[in-house]
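J.: Structure: structure-v2.csv, CSV, C-alpha atoms and all ligand atoms.
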```csv
chain,number,residue,atom,x,y,z
A,1,MET,CA,-8.4,1.4,30.9
A,2,GLU,CA,-5.1,2.6,32.3
A,3,LEU,CA,-2.8,1.5,29.5
A,4,LEU,CA,-4.9,3.5,27.0
A,5,LYS,CA,-5.1,6.6,29.2
A,6,GLU,CA,-1.3,6.5,29.6
A,7,ARG,CA,-0.9,6.3,25.9
A,8,ILE,CA,-3.3,9.2,25.3
A,9,ARG,CA,-1.4,11.3,27.9
A,10,LYS,CA,1.9,10.4,26.1
A,11,ASP,CA,0.9,10.8,22.5
A,12,GLY,CA,-2.4,12.7,22.3
A,13,ILE,CA,-2.3,16.2,20.9
A,14,ILE,CA,-5.1,18.5,21.8
A,15,LYS,CA,-6.2,20.6,18.8
A,16,PRO,CA,-8.4,23.7,18.9
A,17,GLY,CA,-12.1,22.9,18.5
A,18,ASN,CA,-12.2,20.1,21.0
A,19,VAL,CA,-10.3,17.6,18.8
A,20,LEU,CA,-8.0,15.1,20.3
A,21,LYS,CA,-5.5,13.9,17.8
A,22,VAL,CA,-4.2,10.4,18.4
A,23,ASP,CA,-3.0,9.5,14.9
A,24,ASN,CA,0.3,8.1,16.3
A,25,PHE,CA,-1.5,5.0,17.6
A,26,LEU,CA,-5.2,5.0,16.7
A,27,ASN,CA,-6.3,7.0,13.7
A,28,HIS,CA,-3.5,6.9,11.2
A,29,GLN,CA,-0.6,4.8,12.5
A,30,MET,CA,-2.1,1.9,14.4
A,31,ASP,CA,-0.5,0.2,17.4
A,32,ILE,CA,-1.8,-3.4,17.0
A,33,GLN,CA,-0.5,-4.6,20.4
A,34,LEU,CA,-2.5,-1.8,22.0
A,35,PHE,CA,-5.5,-2.8,19.7
A,36,ASN,CA,-5.2,-6.3,21.1
A,37,GLU,CA,-5.4,-5.1,24.7
A,38,ILE,CA,-8.4,-3.0,23.7
A,39,GLY,CA,-10.0,-6.1,22.2
A,40,LYS,CA,-9.5,-8.1,25.4
A,41,GLU,CA,-10.9,-5.2,27.4
A,42,PHE,CA,-14.1,-5.0,25.3
A,43,LYS,CA,-14.5,-8.7,25.6
A,44,ARG,CA,-14.1,-8.5,29.3
A,45,ARG,CA,-16.7,-5.7,29.5
A,46,PHE,CA,-19.2,-7.4,27.2
A,47,ALA,CA,-18.5,-11.0,28.4
A,48,ASP,CA,-22.2,-11.5,29.3
A,49,VAL,CA,-23.6,-10.8,25.9
A,50,LYS,CA,-23.8,-12.9,22.8
A,51,VAL,CA,-22.5,-11.0,19.8
A,52,ASP,CA,-23.3,-12.1,16.3
A,53,ARG,CA,-21.6,-9.3,14.5
A,54,ILE,CA,-19.7,-6.1,15.1
A,55,LEU,CA,-20.8,-3.0,13.3
A,56,THR,CA,-18.5,0.0,12.8
A,57,ILE,CA,-18.2,2.9,10.3
A,58,GLU,CA,-15.5,3.7,7.8
A,59,ALA,CA,-12.7,4.6,7.9
A,60,SER,CA,-11.2,4.9,11.3
A,61,GLY,CA,-13.5,2.4,13.0
A,62,ILE,CA,-12.4,-0.5,10.8
A,63,GLY,CA,-9.0,-1.2,12.1
A,64,ILE,CA,-10.0,-1.3,15.7
A,65,ALA,CA,-13.2,-3.3,15.0
A,66,ALA,CA,-11.3,-5.9,13.0
A,67,VAL,CA,-9.0,-6.6,16.0
A,68,VAL,CA,-11.8,-6.5,18.5
A,69,ALA,CA,-13.8,-9.0,16.4
A,70,GLN,CA,-11.1,-11.6,17.0
A,71,TYR,CA,-12.0,-11.7,20.7
A,72,PHE,CA,-15.7,-12.1,19.9
A,73,ASP,CA,-15.1,-14.6,17.1
A,74,CYS,CA,-17.5,-12.9,14.8
A,75,PRO,CA,-17.5,-10.9,11.5
A,76,VAL,CA,-17.2,-7.2,11.2
A,77,VAL,CA,-19.5,-5.1,9.0
A,78,PHE,CA,-18.6,-1.5,8.3
A,79,ALA,CA,-21.1,1.2,7.2
A,80,LYS,CA,-20.0,2.8,4.0
A,81,LYS,CA,-20.1,6.5,3.6
A,82,SER,CA,-21.2,6.7,0.0
A,83,GLN,CA,-23.0,4.7,-2.7
A,84,SER,CA,-20.8,2.1,-4.2
A,85,ILE,CA,-21.2,0.3,-7.5
A,86,ASN,CA,-20.1,-2.9,-5.7
A,87,LEU,CA,-23.1,-3.0,-3.5
A,88,ASP,CA,-26.1,-4.9,-4.6
A,89,GLY,CA,-29.4,-5.9,-3.1
A,90,THR,CA,-31.4,-4.0,-0.4
A,91,MET,CA,-29.6,-1.3,1.5
A,92,LEU,CA,-30.2,0.1,4.9
A,93,SER,CA,-29.2,3.8,5.1
A,94,THR,CA,-29.2,6.8,7.4
A,95,GLN,CA,-27.8,10.3,7.6
A,96,ILE,CA,-24.8,11.1,9.9
A,97,GLU,CA,-23.4,14.4,10.7
A,98,SER,CA,-19.6,14.3,10.9
A,99,PHE,CA,-18.0,16.0,13.9
A,100,THR,CA,-14.5,16.2,12.4
A,101,HIS,CA,-15.6,17.1,8.8
A,102,LYS,CA,-18.7,19.3,9.8
A,103,ARG,CA,-20.9,17.9,7.1
A,104,THR,CA,-23.7,15.4,6.7
A,105,TYR,CA,-23.4,12.3,4.7
A,106,GLU,CA,-25.3,9.1,4.0
A,107,VAL,CA,-24.1,5.8,5.3
A,108,ILE,CA,-25.2,2.5,4.0
A,109,VAL,CA,-25.0,-1.2,4.9
A,110,ALA,CA,-26.3,-4.0,2.7
A,111,SER,CA,-29.3,-5.5,4.6
A,112,ARG,CA,-28.0,-9.0,4.1
A,113,PHE,CA,-25.1,-8.2,6.5
A,114,ILE,CA,-27.4,-7.3,9.4
A,115,LYS,CA,-30.2,-9.9,9.8
A,116,PRO,CA,-33.4,-9.6,11.8
A,117,GLY,CA,-32.9,-10.8,15.4
A,118,GLU,CA,-29.1,-10.7,15.4
A,119,ASN,CA,-27.2,-9.3,18.3
A,120,ILE,CA,-25.0,-6.4,17.1
A,121,LEU,CA,-22.1,-4.7,19.0
A,122,VAL,CA,-21.2,-1.3,17.8
A,123,ILE,CA,-17.5,-0.4,17.9
A,124,ASP,CA,-16.0,3.0,17.1
A,125,ASP,CA,-12.8,4.9,17.9
A,126,PHE,CA,-14.3,8.1,19.2
A,127,MET,CA,-17.5,9.5,20.5
A,128,ALA,CA,-18.2,13.2,20.5
A,129,ASN,CA,-21.8,14.3,19.9
A,130,GLY,CA,-22.9,10.7,19.3
A,131,CYS,CA,-24.1,11.1,15.7
A,132,ALA,CA,-22.0,8.3,14.3
A,133,ALA,CA,-23.1,5.9,17.1
A,134,LEU,CA,-26.8,7.0,16.9
A,135,GLY,CA,-26.7,6.5,13.1
A,136,LEU,CA,-25.4,2.9,13.5
A,137,VAL,CA,-28.0,2.2,16.1
A,138,GLN,CA,-30.7,3.5,13.7
A,139,LEU,CA,-29.4,1.1,11.0
A,140,ILE,CA,-29.6,-1.9,13.4
A,141,HIS,CA,-33.1,-1.0,14.5
A,142,ASP,CA,-34.1,-0.6,10.8
A,143,ALA,CA,-32.7,-4.1,10.3
A,144,HIS,CA,-34.9,-5.4,13.2
A,145,ALA,CA,-31.7,-6.5,14.9
A,146,ASN,CA,-30.7,-5.9,18.6
A,147,VAL,CA,-28.1,-3.4,19.8
A,148,VAL,CA,-26.3,-5.3,22.6
A,149,GLY,CA,-23.9,-2.5,23.3
A,150,ILE,CA,-21.7,0.3,22.1
A,151,GLY,CA,-18.0,0.1,22.7
A,152,ILE,CA,-16.0,3.3,22.3
A,153,VAL,CA,-12.3,3.6,22.6
A,154,ILE,CA,-12.2,7.3,23.5
A,155,GLU,CA,-15.3,9.2,24.7
A,156,LYS,CA,-15.2,12.9,25.0
A,157,GLY,CA,-17.4,13.1,28.1
A,158,PHE,CA,-17.8,16.8,27.9
A,159,GLN,CA,-19.7,16.4,24.6
A,160,GLN,CA,-23.2,15.1,24.5
A,161,GLY,CA,-23.0,11.7,22.8
A,162,GLY,CA,-22.5,9.5,25.8
A,163,ALA,CA,-25.3,11.1,27.7
A,164,LYS,CA,-27.7,10.9,24.7
A,165,LEU,CA,-27.1,7.2,24.2
A,166,ARG,CA,-27.2,6.2,27.8
A,167,GLU,CA,-30.5,8.2,28.2
A,168,GLN,CA,-31.9,5.9,25.5
A,169,GLY,CA,-31.1,2.9,27.7
A,170,LEU,CA,-28.2,1.9,25.5
A,171,ARG,CA,-25.2,0.2,27.1
A,172,VAL,CA,-22.1,2.3,26.4
A,173,GLU,CA,-18.7,1.1,27.4
A,174,SER,CA,-15.9,3.6,26.8
A,175,LEU,CA,-12.4,2.6,27.6
A,176,ALA,CA,-11.2,6.2,28.3
A,177,ILE,CA,-13.6,9.0,29.0
A,178,VAL,CA,-12.0,12.5,28.7
A,179,ASP,CA,-13.8,15.0,31.0
A,180,ALA,CA,-11.8,18.0,30.1
A,181,MET,CA,-8.9,19.0,27.8
A,182,ASP,CA,-7.0,22.2,27.5
A,183,ALA,CA,-5.3,23.0,24.2
A,184,ASP,CA,-3.1,25.7,25.6
A,185,ALA,CA,-1.7,23.7,28.5
A,186,GLN,CA,-2.0,20.3,26.6
A,187,THR,CA,-3.6,18.7,29.6
A,188,ILE,CA,-6.3,16.0,29.7
A,189,THR,CA,-8.6,15.1,32.6
A,190,PHE,CA,-10.0,11.6,32.5
A,191,ARG,CA,-13.1,10.4,34.3
A,192,GLU,CA,-12.0,8.3,37.3
A,193,ASP,CA,-13.7,5.1,36.5
A,194,SER,CA,-12.9,5.0,32.8
B,201,LIG,P1,-19.7,11.9,16.8
B,201,LIG,O1,-20.5,11.4,15.7
B,201,LIG,O2,-19.8,11.2,18.1
B,201,LIG,O3,-19.9,13.4,17.0
B,201,LIG,O4,-18.2,11.8,16.4
B,201,LIG,C1,-17.6,10.6,16.3
B,201,LIG,C2,-16.7,10.4,15.1
B,201,LIG,O5,-16.0,11.7,14.8
B,201,LIG,C3,-15.7,9.4,15.3
B,201,LIG,O6,-16.0,8.3,14.4
B,201,LIG,C4,-14.4,10.0,15.0
B,201,LIG,O7,-13.9,9.5,13.8
B,201,LIG,C5,-14.6,11.4,14.9
B,201,LIG,N1,-14.1,12.2,16.0
B,201,LIG,C6,-14.9,12.9,16.9
B,201,LIG,N2,-14.2,13.6,17.8
B,201,LIG,C7,-12.9,13.3,17.5
B,201,LIG,C8,-11.6,13.7,18.1
B,201,LIG,O8,-11.5,14.5,19.1
B,201,LIG,N3,-10.5,13.2,17.5
B,201,LIG,C9,-10.6,12.3,16.5
B,201,LIG,N4,-9.4,11.9,16.0
B,201,LIG,N5,-11.7,11.9,15.9
B,201,LIG,C10,-12.9,12.4,16.4
```
Show this structure as structure tokens.
Ligand code: 5GP
T.:
Amino acid sequence: MELLKERIRKDGIIKPGNVLKVDNFLNHQMDIQLFNEIGKEFKRRFADVKVDRILTIEASGIGIAAVVAQYFDCPVVFAKKSQSINLDGTMLSTQIESFTHKRTYEVIVASRFIKPGENILVIDDFMANGCAALGLVQLIHDAHANVVGIGIVIEKGFQQGGAKLREQGLRVESLAIVDAMDADAQTITFREDS
């Protein structure tokens, strides 16, 4: 998605440790006009699938998923990172290793929000090693629902997540795939067809 790649080139900051900081428009301040264009692009790419719900993970997936959901006309559910006293009933849960925080945490979704047989689209801001996306896929499988696709705003193609998910036969659509980035030169190489 050209508009997104241009924005990453303009505002993205490459940090040591293979972290791309885009908090000017995606992870902290949010550019809702850009989010709308992202929503339209996901809708275009997943136009052939029926989506009953979008599943994302707190915190940075929520903003983007909320805007994207308007184009699919469906609710958004976000997996929560810790037990909450506000949750009741049966829970689905799985362990996810955080790329940015380097620790493992439990994520939970109330099972009444992912019903058996439903078609679920996973949306997230980034993909690195794929732990977050794989965890969400696990929750959907545990709920006996269907993963119709995984929509990622920025995939770091030089890390393993995308390959792992695609090897499992999952449909992954990433709007910008970064194939290389150099923290010293502050340069980014995008995959041609992303
Ligand atoms: P994964 O589980 O695929 O290893 O990492 C995905 C999660 O880590 C995303 O939900 C995102 O919040 C965070 N993340 C991974 N890499 C980056 C990065 O380079 N920049 C930012 N801002 N977040 C990242």
J.: Kindly indicate which residue among A:Gly61, A:Gly39, A:Pro75, A:Gly169 lies nearest to Phe126 (chain A), using all atoms listed in the file for the distances.
T.: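 That would be A:Gly61, the residue with the smallest distance to Phe126 (chain A).
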J.: Skipping near chain neighbours, those fewer than 6 positions away, what residues fall within 8 Å of Ser60 (chain A) using only C-alpha atoms, listed as a list in words?
T.: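 Listing them by chain and then by number gives Asn27, His28, Asp124 and Asp125 of chain A.
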J.: Residues up to 7 Å from ligand LIG 201 (chain B), counting all atoms listed in the file: could you list those as a short mmCIF file (atom, residue, chain, number, x, y, z; two decimals) with C-alpha atoms, in the coordinates of the input?
T.:
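See selection_9.cif below for the written result:
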```
data_model
loop_
_atom_site.label_atom_id
_atom_site.label_comp_id
_atom_site.auth_asym_id
_atom_site.auth_seq_id
_atom_site.Cartn_x
_atom_site.Cartn_y
_atom_site.Cartn_z
CA ASN A 18 -12.20 20.10 21.00
CA VAL A 19 -10.30 17.60 18.80
CA LEU A 20 -8.00 15.10 20.30
CA LYS A 21 -5.50 13.90 17.80
CA VAL A 22 -4.20 10.40 18.40
CA ASP A 23 -3.00 9.50 14.90
CA ASN A 27 -6.30 7.00 13.70
CA SER A 60 -11.20 4.90 11.30
CA GLY A 61 -13.50 2.40 13.00
CA GLU A 97 -23.40 14.40 10.70
CA SER A 98 -19.60 14.30 10.90
CA PHE A 99 -18.00 16.00 13.90
CA THR A 100 -14.50 16.20 12.40
CA ASP A 124 -16.00 3.00 17.10
CA ASP A 125 -12.80 4.90 17.90
CA PHE A 126 -14.30 8.10 19.20
CA MET A 127 -17.50 9.50 20.50
CA ALA A 128 -18.20 13.20 20.50
CA ASN A 129 -21.80 14.30 19.90
CA GLY A 130 -22.90 10.70 19.30
CA CYS A 131 -24.10 11.10 15.70
CA ALA A 132 -22.00 8.30 14.30
CA ALA A 133 -23.10 5.90 17.10
CA GLY A 161 -23.00 11.70 22.80
#
```
J.: Would you tabulate, counting all atoms listed in the file, all residues of region 44-151 of chain A that have an atom at most 7 Å from an atom of region 171-179 of chain A, showing the closest pair of atoms and their distance in Å to one decimal, sorted by chain then ascending number, as JSON lines?
T.:
```
{"residue": "A:Gly149", "atom": "CA", "partner": "A:Arg171", "partner_atom": "CA", "distance": 4.8}
{"residue": "A:Ile150", "atom": "CA", "partner": "A:Val172", "partner_atom": "CA", "distance": 4.8}
{"residue": "A:Gly151", "atom": "CA", "partner": "A:Glu173", "partner_atom": "CA", "distance": 4.9}
```
J.: Name all residues at most 7 Å from Ala143 (chain A) (count all atoms listed in the file; drop same-chain ones fewer than 5 positions away) and give them as a ChimeraX atom specification.
T.: /A:111,114-116
